[in-house]
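Student: Contents of my_file13.txt (compact mmCIF, C-alpha atoms) are given next:
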```
# COMPACT_ATOMS: atom_id res chain seq x y z
CA MET A 1 155.23 3.63 8.05
CA ILE A 2 156.26 1.14 5.37
CA ARG A 3 155.31 2.47 1.94
CA ILE A 4 154.14 0.33 -0.95
CA LYS A 5 155.62 0.66 -4.43
CA GLU A 6 153.47 0.50 -7.55
CA LYS A 7 154.89 -2.90 -8.52
CA GLU A 8 154.32 -4.22 -5.01
CA PHE A 9 150.70 -3.05 -4.97
CA ASN A 10 150.07 -4.62 -8.38
CA GLU A 11 151.57 -7.95 -7.30
CA LEU A 12 149.66 -8.01 -4.05
CA SER A 13 146.32 -6.94 -5.52
CA GLU A 14 146.65 -9.56 -8.26
CA TYR A 15 147.37 -12.23 -5.63
CA ILE A 16 144.28 -11.16 -3.66
CA HIS A 17 142.11 -11.18 -6.78
CA ARG A 18 143.39 -14.58 -7.93
CA ASN A 19 143.10 -16.32 -4.56
CA LEU A 20 140.28 -14.49 -2.78
CA GLY A 21 138.24 -13.03 -5.65
CA ILE A 22 138.50 -9.52 -4.21
CA LYS A 23 139.31 -6.76 -6.68
CA LEU A 24 141.28 -3.88 -5.20
CA GLY A 25 141.42 -0.71 -7.28
CA LYS A 26 144.16 1.89 -7.02
CA GLU A 27 141.96 3.88 -4.64
CA LYS A 28 142.36 1.06 -2.08
CA LYS A 29 146.14 1.46 -1.85
CA THR A 30 146.07 3.59 1.30
CA LEU A 31 143.58 1.24 2.95
CA LEU A 32 145.78 -1.76 2.16
CA ILE A 33 148.88 -0.06 3.57
CA GLY A 34 147.07 0.86 6.79
CA ARG A 35 145.53 -2.53 7.41
CA LEU A 36 148.73 -4.50 6.79
CA GLN A 37 151.23 -2.28 8.64
CA ASN A 38 151.06 -4.21 11.91
CA VAL A 39 151.41 -7.53 10.09
CA LEU A 40 154.65 -6.43 8.46
CA LEU A 41 155.99 -5.08 11.75
CA GLN A 42 155.05 -8.20 13.71
CA LYS A 43 156.74 -10.43 11.13
CA ASN A 44 159.83 -8.19 10.92
CA LEU A 45 159.24 -7.62 7.21
CA ARG A 46 160.92 -4.54 5.79
CA SER A 47 158.86 -4.11 2.60
CA PHE A 48 155.70 -5.24 0.87
CA SER A 49 157.90 -7.31 -1.46
CA GLU A 50 159.06 -9.29 1.56
CA TYR A 51 155.44 -9.60 2.69
CA TYR A 52 154.40 -10.87 -0.76
CA ASP A 53 157.12 -13.53 -0.65
CA TYR A 54 156.05 -14.50 2.88
CA LEU A 55 152.43 -14.74 1.74
CA ARG A 56 153.28 -17.04 -1.17
CA ASN A 57 155.67 -19.29 0.75
CA GLU A 58 153.96 -19.66 4.15
CA LYS A 59 152.47 -23.17 4.18
CA THR A 60 150.23 -23.31 7.26
CA GLY A 61 147.54 -20.99 5.90
CA GLU A 62 148.05 -18.51 8.72
CA ALA A 63 149.30 -15.77 6.37
CA VAL A 64 146.30 -15.99 4.04
CA ALA A 65 143.86 -16.18 6.97
CA THR A 66 145.36 -13.01 8.46
CA LEU A 67 145.19 -11.27 5.08
CA VAL A 68 141.50 -12.14 4.74
CA GLU A 69 140.71 -10.76 8.18
CA LYS A 70 142.60 -7.55 7.45
CA ILE A 71 141.04 -6.67 4.10
CA THR A 72 137.42 -7.77 4.53
CA THR A 73 134.63 -6.33 6.63
CA ASN A 74 132.56 -8.98 8.41
CA HIS A 75 129.59 -6.78 9.20
CA THR A 76 126.36 -8.64 9.76
CA PHE A 77 123.48 -8.81 12.20
CA PHE A 78 120.36 -10.82 12.98
CA MET A 79 117.47 -10.40 10.53
CA ARG A 80 119.56 -8.42 8.05
CA GLU A 81 117.38 -7.94 4.93
CA ALA A 82 114.46 -9.47 6.81
CA GLU A 83 112.24 -9.89 3.73
CA HIS A 84 114.55 -12.71 2.60
CA PHE A 85 113.82 -14.65 5.77
CA ALA A 86 110.09 -14.04 5.36
CA TYR A 87 110.25 -15.39 1.80
CA PHE A 88 112.27 -18.38 2.97
CA ARG A 89 109.65 -19.08 5.66
CA ASP A 90 106.49 -18.41 3.64
CA VAL A 91 107.44 -19.63 0.14
CA VAL A 92 110.62 -21.71 0.09
CA LEU A 93 110.01 -23.98 3.10
CA PRO A 94 106.44 -24.94 2.10
CA TYR A 95 107.73 -25.74 -1.41
CA LEU A 96 110.56 -27.88 -0.06
CA ALA A 97 108.31 -29.61 2.45
CA ASP A 98 106.05 -30.69 -0.43
CA THR A 99 108.72 -31.68 -2.94
CA VAL A 100 111.74 -33.08 -1.05
CA LYS A 101 110.59 -36.65 -0.56
CA SER A 102 113.87 -37.72 1.06
CA LYS A 103 113.27 -35.18 3.86
CA ASP A 104 116.93 -34.25 3.55
CA LEU A 105 117.12 -30.45 3.28
CA ARG A 106 120.43 -29.03 2.14
CA ILE A 107 120.88 -25.34 2.91
CA TRP A 108 124.18 -23.46 2.45
CA SER A 109 125.03 -20.16 4.11
CA ALA A 110 128.06 -19.15 2.02
CA GLY A 111 130.14 -16.38 3.54
CA CYS A 112 128.41 -16.90 6.87
CA SER A 113 130.60 -14.46 8.84
CA THR A 114 129.84 -14.62 12.59
CA GLY A 115 126.86 -16.94 12.17
CA GLU A 116 123.78 -14.74 12.53
CA GLU A 117 122.37 -15.68 9.11
CA ALA A 118 122.81 -19.43 9.57
CA TYR A 119 121.32 -19.43 13.06
CA THR A 120 118.37 -17.37 11.84
CA LEU A 121 117.67 -19.96 9.15
CA ALA A 122 117.92 -22.72 11.76
CA MET A 123 115.42 -20.97 14.03
CA ILE A 124 112.98 -20.48 11.15
CA MET A 125 113.21 -24.16 10.27
CA GLN A 126 112.81 -25.17 13.90
CA ASP A 127 109.60 -23.13 14.04
CA TYR A 128 108.37 -24.67 10.79
CA PHE A 129 109.19 -28.35 11.38
CA GLY A 130 109.13 -28.39 15.16
CA PHE A 131 110.63 -31.53 16.65
CA ASP A 132 109.79 -33.74 13.66
CA SER A 133 112.94 -35.87 13.68
CA SER A 134 112.19 -37.32 10.24
CA TRP A 135 113.63 -34.18 8.62
CA ASP A 136 117.38 -33.68 8.28
CA LYS A 137 117.71 -29.90 8.26
CA THR A 138 121.41 -29.32 8.93
CA ILE A 139 122.72 -26.04 7.53
CA LEU A 140 126.22 -25.84 6.07
CA ALA A 141 127.75 -22.47 6.99
CA THR A 142 131.11 -21.57 5.45
CA ASP A 143 133.56 -18.69 5.52
CA ILE A 144 137.19 -18.20 4.59
CA SER A 145 137.96 -16.40 7.87
CA GLY A 146 138.86 -18.64 10.78
CA LYS A 147 138.37 -15.73 13.18
CA VAL A 148 134.67 -15.26 12.36
CA LEU A 149 134.06 -19.02 12.29
CA GLU A 150 135.39 -19.26 15.84
CA ILE A 151 132.88 -16.62 16.94
CA ALA A 152 130.07 -18.33 15.03
CA ARG A 153 130.72 -21.73 16.61
CA LYS A 154 130.53 -20.24 20.10
CA GLY A 155 127.11 -18.75 19.27
CA GLU A 156 127.46 -15.99 21.86
CA TYR A 157 125.94 -12.60 21.07
CA TYR A 158 125.38 -9.34 22.88
CA ASN A 159 121.87 -8.96 24.27
CA ARG A 160 121.66 -5.48 22.75
CA ASP A 161 121.92 -7.10 19.29
CA LEU A 162 118.95 -9.42 19.84
CA GLY A 163 116.30 -6.74 20.20
CA ASN A 164 114.89 -7.11 16.68
CA LEU A 165 114.33 -10.86 17.07
CA PRO A 166 110.87 -12.26 17.89
CA VAL A 167 110.29 -12.55 21.63
CA GLN A 168 109.66 -16.29 21.37
CA TRP A 169 113.06 -16.75 19.74
CA ARG A 170 114.83 -14.85 22.49
CA VAL A 171 113.02 -17.00 25.06
CA ASN A 172 113.23 -20.40 23.34
CA TYR A 173 116.47 -20.29 21.37
CA PHE A 174 118.84 -18.27 23.57
CA LYS A 175 120.21 -18.85 27.05
CA ARG A 176 121.23 -15.77 29.01
CA LEU A 177 124.87 -15.93 30.11
CA ASN A 178 125.08 -12.59 31.91
CA PRO A 179 123.59 -9.08 31.65
CA GLU A 180 125.61 -8.50 28.47
CA LYS A 181 125.50 -11.75 26.49
CA SER A 182 123.33 -14.73 25.56
CA VAL A 183 124.21 -17.97 23.78
CA ILE A 184 122.34 -19.98 21.14
CA VAL A 185 120.83 -23.13 22.69
CA ASP A 186 122.20 -26.50 21.60
CA THR A 187 118.93 -27.40 19.83
CA ILE A 188 119.69 -24.69 17.27
CA LYS A 189 123.49 -24.76 17.44
CA ASN A 190 123.57 -28.46 16.55
CA GLN A 191 121.67 -27.77 13.32
CA VAL A 192 124.50 -25.65 11.88
CA LEU A 193 127.77 -27.09 10.61
CA PHE A 194 130.50 -24.43 10.35
CA ARG A 195 133.38 -25.09 7.97
CA SER A 196 136.24 -23.13 6.40
CA PHE A 197 135.81 -22.76 2.65
CA ASN A 198 137.16 -20.49 -0.09
CA LEU A 199 134.50 -19.58 -2.64
CA MET A 200 137.28 -19.08 -5.20
CA ASN A 201 137.86 -22.85 -5.36
CA PRO A 202 137.43 -23.73 -9.06
CA THR A 203 135.27 -26.72 -8.17
CA PHE A 204 132.96 -27.34 -5.23
CA PRO A 205 133.53 -30.80 -3.69
CA PHE A 206 129.97 -31.44 -2.49
CA LYS A 207 128.50 -34.91 -2.90
CA LYS A 208 124.89 -33.72 -2.88
CA LYS A 209 123.28 -30.63 -4.35
CA PHE A 210 121.71 -27.83 -2.33
CA HIS A 211 118.08 -26.74 -2.22
CA VAL A 212 118.87 -23.21 -1.02
CA ILE A 213 122.03 -21.08 -1.08
CA PHE A 214 122.37 -17.80 0.79
CA CYS A 215 125.37 -15.79 -0.41
CA ARG A 216 124.56 -12.26 0.64
CA ASN A 217 126.82 -9.21 0.69
CA VAL A 218 129.85 -11.29 -0.26
CA MET A 219 130.05 -10.59 -3.99
CA ILE A 220 130.22 -6.81 -3.46
CA TYR A 221 133.99 -7.36 -3.28
CA PHE A 222 134.15 -9.19 -6.63
CA ASP A 223 134.47 -7.94 -10.19
CA ALA A 224 131.94 -9.06 -12.82
CA PRO A 225 133.80 -12.10 -14.23
CA THR A 226 134.56 -13.42 -10.73
CA LYS A 227 130.94 -12.96 -9.68
CA ASP A 228 129.57 -14.61 -12.82
CA GLY A 229 131.87 -17.59 -12.36
CA LEU A 230 130.89 -18.04 -8.72
CA VAL A 231 127.16 -17.81 -9.44
CA ASN A 232 127.44 -20.40 -12.20
CA ARG A 233 129.26 -22.73 -9.79
CA PHE A 234 126.36 -22.20 -7.38
CA TYR A 235 124.02 -23.19 -10.21
CA ASP A 236 125.92 -26.42 -10.81
CA VAL A 237 125.65 -27.51 -7.16
CA MET A 238 121.96 -26.64 -6.79
CA GLU A 239 118.93 -28.87 -7.17
CA ASP A 240 116.38 -28.01 -9.84
CA GLY A 241 113.85 -25.63 -8.32
CA GLY A 242 116.38 -24.42 -5.75
CA TYR A 243 116.71 -20.81 -4.61
CA LEU A 244 119.68 -18.43 -4.50
CA PHE A 245 119.58 -15.40 -2.20
CA ILE A 246 122.09 -12.56 -2.73
CA GLY A 247 122.43 -9.17 -1.04
CA HIS A 248 120.18 -6.27 -1.99
CA SER A 249 123.23 -4.19 -2.85
CA GLU A 250 124.24 -6.87 -5.38
CA SER A 251 122.87 -7.81 -8.78
CA LEU A 252 123.44 -10.53 -11.36
CA ASN A 253 123.99 -10.17 -15.09
CA ARG A 254 121.09 -12.26 -16.39
CA GLU A 255 122.84 -12.74 -19.73
CA LYS A 256 125.84 -14.35 -18.02
CA VAL A 257 124.16 -16.56 -15.41
CA LYS A 258 121.58 -19.31 -15.70
CA PHE A 259 119.37 -18.47 -12.73
CA LYS A 260 115.88 -17.09 -13.26
CA TYR A 261 115.11 -13.77 -11.57
CA ILE A 262 112.25 -14.07 -9.05
CA MET A 263 112.33 -10.78 -7.17
CA PRO A 264 115.04 -8.36 -5.99
CA ALA A 265 118.01 -10.42 -4.73
CA ILE A 266 116.19 -13.77 -5.11
CA TYR A 267 116.84 -16.17 -8.01
CA ARG A 268 115.83 -19.71 -8.87
CA LYS A 269 117.17 -22.67 -10.82
CA GLU A 270 114.49 -23.90 -13.21
```
Could I get this file's structure written as structure tokens?
Tutor:
Amino acid sequence: MIRIKEKEFNELSEYIHRNLGIKLGKEKKTLLIGRLQNVLLQKNLRSFSEYYDYLRNEKTGEAVATLVEKITTNHTFFMREAEHFAYFRDVVLPYLADTVKSKDLRIWSAGCSTGEEAYTLAMIMQDYFGFDSSWDKTILATDISGKVLEIARKGEYYNRDLGNLPVQWRVNYFKRLNPEKSVIVDTIKNQVLFRSFNLMNPTFPFKKKFHVIFCRNVMIYFDAPTKDGLVNRFYDVMEDGGYLFIGHSESLNREKVKFKYIMPAIYRKE
């Protein structure tokens, strides 16, 4: 096993914090060594100093993408924190339907992982608006990991993971591929636009502002200044009256961010 020196760990953890927003404490040293061992061996790198140089100098983005996949946990599932989806359906959508005169809804699933959250939002909106073609309800779904985005775009999920979805969704919005898997139907799949995006970008290059942003269970990896900065960038790209959903295990410092607290893990721009 290739060991990591104190200086190497400090350099690497600072790079991860600066570029990915993830803060790794000293207690994560063993985890980092374990998850990166195969990368070093596959690349014929003899030390973490060589890996650090490779990471900084590799220009295709492959090195950073692999690092992201190794150090993050993309655990998600359909209807995770279901009360958020109920609030989106019962409060947010009626509000937007009444106030967005352009009928152009802009929803962002930030840190979308393998797509369950974005597709759930699309199914809720399909139920709400039906086949009213006057509404543009495309969802932007972003993640820094190319691996999870590839899974999300396919829209294939194990049937055992669909059991907590409403029966009408399983019937109307999924097509059975085989006894093990089903795939999201094109009606729903075409409403979600998956893109690679790093939330640590200092500016967000969006031409129009969002009405709703879901960024749940992403900021658990971030330290307070990183989280505050990200949330304030969300604020800047959100329409007045828009809603921000974060994970229930996360919280915002209300003295550092501009959003108004509505209820646990739900905030609003007023």
Student: With all atoms listed in the file as the basis for distance, which of A:Phe129, A:Ala110, A:Glu180, A:Arg268 is at the shortest distance from Arg216 of chain A?
Tutor: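 Of A:Phe129, A:Ala110, A:Glu180, A:Arg268, the one nearest Arg216 of chain A is A:Ala110, counting all atoms listed in the file.
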Student: In Å, rounded to a single decimal, give me how far atom CA of Ser113 of chain A is from atom CA of Leu149 of chain A.
Tutor: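 Computed distance, atom CA of Leu149 of chain A to atom CA of Ser113 of chain A, equals 6.7 Å.
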Student: Can I get the residues of segment 76-134 of chain A within 12 Å of segment 256-267 of chain A, each with the closest pair of atoms and their distance in Å to one decimal, using only C-alpha atoms, sorted chain first then ascending number, as a tab-separated table?
Tutor:
```
residue	atom	partner	partner_atom	distance
A:Glu81	CA	A:Ala265	CA	10.0
A:Glu83	CA	A:Pro264	CA	10.2
A:His84	CA	A:Ile266	CA	8.0
A:Phe85	CA	A:Ile266	CA	11.2
A:Tyr87	CA	A:Ile266	CA	9.3
A:Phe88	CA	A:Ile266	CA	10.1
A:Val91	CA	A:Ile266	CA	11.8
A:Val92	CA	A:Ile266	CA	11.0
```
Student: Report, in Å with one decimal, the straight-line distance from atom CA of Glu250 of chain A to atom CA of Glu116 of chain A.
Tutor: 19.6 Å
Student: What does the structure give for the distance between atom CA of Arg176 of chain A and atom CA of Phe214 of chain A, in Å to one decimal?
Tutor: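 Atom CA of Arg176 of chain A sits 28.3 Å away from atom CA of Phe214 of chain A.
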Student: With 10 Å as the cut-off and all atoms listed in the file counted, what is the closest atom pair between each nearby residue of segment 195-221 of chain A and segment 8-19 of chain A? Distances in Å to one decimal, ordered by chain and number, as a Markdown table.
Tutor:
```
| residue | atom | partner | partner_atom | distance |
| --- | --- | --- | --- | --- |
| A:Asn198 | CA | A:Asn19 | CA | 8.5 |
| A:Leu199 | CA | A:Asn19 | CA | 9.4 |
| A:Met200 | CA | A:Asn19 | CA | 6.5 |
| A:Asn201 | CA | A:Asn19 | CA | 8.4 |
| A:Tyr221 | CA | A:His17 | CA | 9.6 |
```
Student: Generate the output file for the selected residues, C-alpha atoms, as a compact mmCIF listing (two decimals), in the coordinates of the input.
Tutor:
```txt
# COMPACT_ATOMS: atom_id res chain seq x y z
CA ASN A 198 137.16 -20.49 -0.09
CA LEU A 199 134.50 -19.58 -2.64
CA MET A 200 137.28 -19.08 -5.20
CA ASN A 201 137.86 -22.85 -5.36
CA TYR A 221 133.99 -7.36 -3.28
```
Student: Could you give me, as a list in words, the residues that sit within 9 Å of (132.1, -27.4, -4.7) in the file's coordinates, counting only C-alpha atoms?
Tutor: Leu199, Asn201, Pro202, Thr203, Phe204, Pro205, Phe206, Lys207, Arg233, Phe234, Asp236 and Val237 of chain A
Student: May I ask which of the residues A:Asn190, A:Asn178, A:Ser102, A:Asn44 is the closest one to Ser134 of chain A, counting all atoms listed in the file?
Tutor: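 The closest residue to Ser134 of chain A is A:Ser102.
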Student: Which residue out of A:Ala86, A:Ala97, A:Ile144, A:Ile4 has the minimum interatomic distance to Thr114 of chain A when only C-alpha atoms are used?
Tutor: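 So, comparing all the options, the nearest one is A:Ile144.
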Student: Give me, as a PyMOL selection string, all polymer residues having an atom no more than 6 Å from Phe222 of chain A, counting all atoms listed in the file and skipping those fewer than 5 positions away in the same chain.
Tutor: chain A and resi 21-23+227
Student: Mind checking which residues fall within 8 Å of Lys175 of chain A, counting all atoms listed in the file, ignoring those fewer than 5 positions away in the same chain, and posting them as number ranges by chain?
Tutor: A: 182-185
Student: Would you output that residue set with C-alpha atoms, as a PDB file, in the coordinates of the input?
Tutor:
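See part-v8.pdb below for the written result:
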```pdb
ATOM      1  CA  SER A 182     123.330 -14.730  25.560  1.00  0.00           C
ATOM      2  CA  VAL A 183     124.210 -17.970  23.780  1.00  0.00           C
ATOM      3  CA  ILE A 184     122.340 -19.980  21.140  1.00  0.00           C
ATOM      4  CA  VAL A 185     120.830 -23.130  22.690  1.00  0.00           C
TER       5      VAL A 185
END
```
Student: Extract, using all atoms listed in the file, all DNA, RNA and protein residues at most 10 Å from Ile107 of chain A, discarding same-chain residues fewer than 2 positions from it, and format them as a list in words.
Tutor: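 Within the cut-off, the hits are Asp104, Leu105, Ser109, Ala110, Ala118, Leu121, Ala122, Lys137, Thr138, Ile139, Leu140, Ala141, Val192, Lys209, Phe210, His211, Val212, Ile213, Phe214, Met238, Gly242 and Tyr243 of chain A.
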Student: Please return segment 206-222 of chain A, rebuilt to N, CA and C atoms, as a PDB file, keeping the file's coordinate frame.
Tutor:
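In the end it all went to selection_31.pdb:
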```pdb
ATOM      1  N   PHE A 206     131.135 -30.970  -3.242  1.00  0.00           N
ATOM      2  CA  PHE A 206     129.970 -31.440  -2.490  1.00  0.00           C
ATOM      3  C   PHE A 206     129.367 -32.667  -3.159  1.00  0.00           C
ATOM      4  N   LYS A 207     129.046 -33.672  -2.350  1.00  0.00           N
ATOM      5  CA  LYS A 207     128.500 -34.910  -2.900  1.00  0.00           C
ATOM      6  C   LYS A 207     127.033 -34.763  -3.309  1.00  0.00           C
ATOM      7  N   LYS A 208     126.313 -33.922  -2.576  1.00  0.00           N
ATOM      8  CA  LYS A 208     124.890 -33.720  -2.880  1.00  0.00           C
ATOM      9  C   LYS A 208     124.631 -32.255  -3.182  1.00  0.00           C
ATOM     10  N   LYS A 209     123.598 -32.002  -3.958  1.00  0.00           N
ATOM     11  CA  LYS A 209     123.280 -30.630  -4.350  1.00  0.00           C
ATOM     12  C   LYS A 209     122.402 -29.954  -3.288  1.00  0.00           C
ATOM     13  N   PHE A 210     122.428 -28.629  -3.317  1.00  0.00           N
ATOM     14  CA  PHE A 210     121.710 -27.830  -2.330  1.00  0.00           C
ATOM     15  C   PHE A 210     120.324 -27.430  -2.840  1.00  0.00           C
ATOM     16  N   HIS A 211     119.404 -27.259  -1.894  1.00  0.00           N
ATOM     17  CA  HIS A 211     118.080 -26.740  -2.220  1.00  0.00           C
ATOM     18  C   HIS A 211     118.024 -25.223  -2.121  1.00  0.00           C
ATOM     19  N   VAL A 212     118.844 -24.667  -1.242  1.00  0.00           N
ATOM     20  CA  VAL A 212     118.870 -23.210  -1.020  1.00  0.00           C
ATOM     21  C   VAL A 212     120.307 -22.783  -0.753  1.00  0.00           C
ATOM     22  N   ILE A 213     120.722 -21.677  -1.369  1.00  0.00           N
ATOM     23  CA  ILE A 213     122.030 -21.080  -1.080  1.00  0.00           C
ATOM     24  C   ILE A 213     121.821 -19.606  -0.747  1.00  0.00           C
ATOM     25  N   PHE A 214     122.298 -19.209   0.417  1.00  0.00           N
ATOM     26  CA  PHE A 214     122.370 -17.800   0.790  1.00  0.00           C
ATOM     27  C   PHE A 214     123.817 -17.353   0.605  1.00  0.00           C
ATOM     28  N   CYS A 215     124.039 -16.382  -0.256  1.00  0.00           N
ATOM     29  CA  CYS A 215     125.370 -15.790  -0.410  1.00  0.00           C
ATOM     30  C   CYS A 215     125.163 -14.281  -0.519  1.00  0.00           C
ATOM     31  N   ARG A 216     125.002 -13.652   0.622  1.00  0.00           N
ATOM     32  CA  ARG A 216     124.560 -12.260   0.640  1.00  0.00           C
ATOM     33  C   ARG A 216     125.681 -11.333   1.107  1.00  0.00           C
ATOM     34  N   ASN A 217     125.841 -10.260   0.351  1.00  0.00           N
ATOM     35  CA  ASN A 217     126.820  -9.210   0.690  1.00  0.00           C
ATOM     36  C   ASN A 217     128.237  -9.751   0.744  1.00  0.00           C
ATOM     37  N   VAL A 218     128.502 -10.735  -0.080  1.00  0.00           N
ATOM     38  CA  VAL A 218     129.850 -11.290  -0.260  1.00  0.00           C
ATOM     39  C   VAL A 218     130.413 -10.822  -1.600  1.00  0.00           C
ATOM     40  N   MET A 219     129.576 -10.872  -2.630  1.00  0.00           N
ATOM     41  CA  MET A 219     130.050 -10.590  -3.990  1.00  0.00           C
ATOM     42  C   MET A 219     130.257  -9.101  -4.266  1.00  0.00           C
ATOM     43  N   ILE A 220     129.949  -8.240  -3.291  1.00  0.00           N
ATOM     44  CA  ILE A 220     130.220  -6.810  -3.460  1.00  0.00           C
ATOM     45  C   ILE A 220     131.717  -6.560  -3.615  1.00  0.00           C
ATOM     46  N   TYR A 221     132.539  -7.497  -3.171  1.00  0.00           N
ATOM     47  CA  TYR A 221     133.990  -7.360  -3.280  1.00  0.00           C
ATOM     48  C   TYR A 221     134.517  -7.822  -4.639  1.00  0.00           C
ATOM     49  N   PHE A 222     133.674  -8.506  -5.434  1.00  0.00           N
ATOM     50  CA  PHE A 222     134.150  -9.190  -6.630  1.00  0.00           C
ATOM     51  C   PHE A 222     133.895  -8.361  -7.891  1.00  0.00           C
TER      52      PHE A 222
END
```
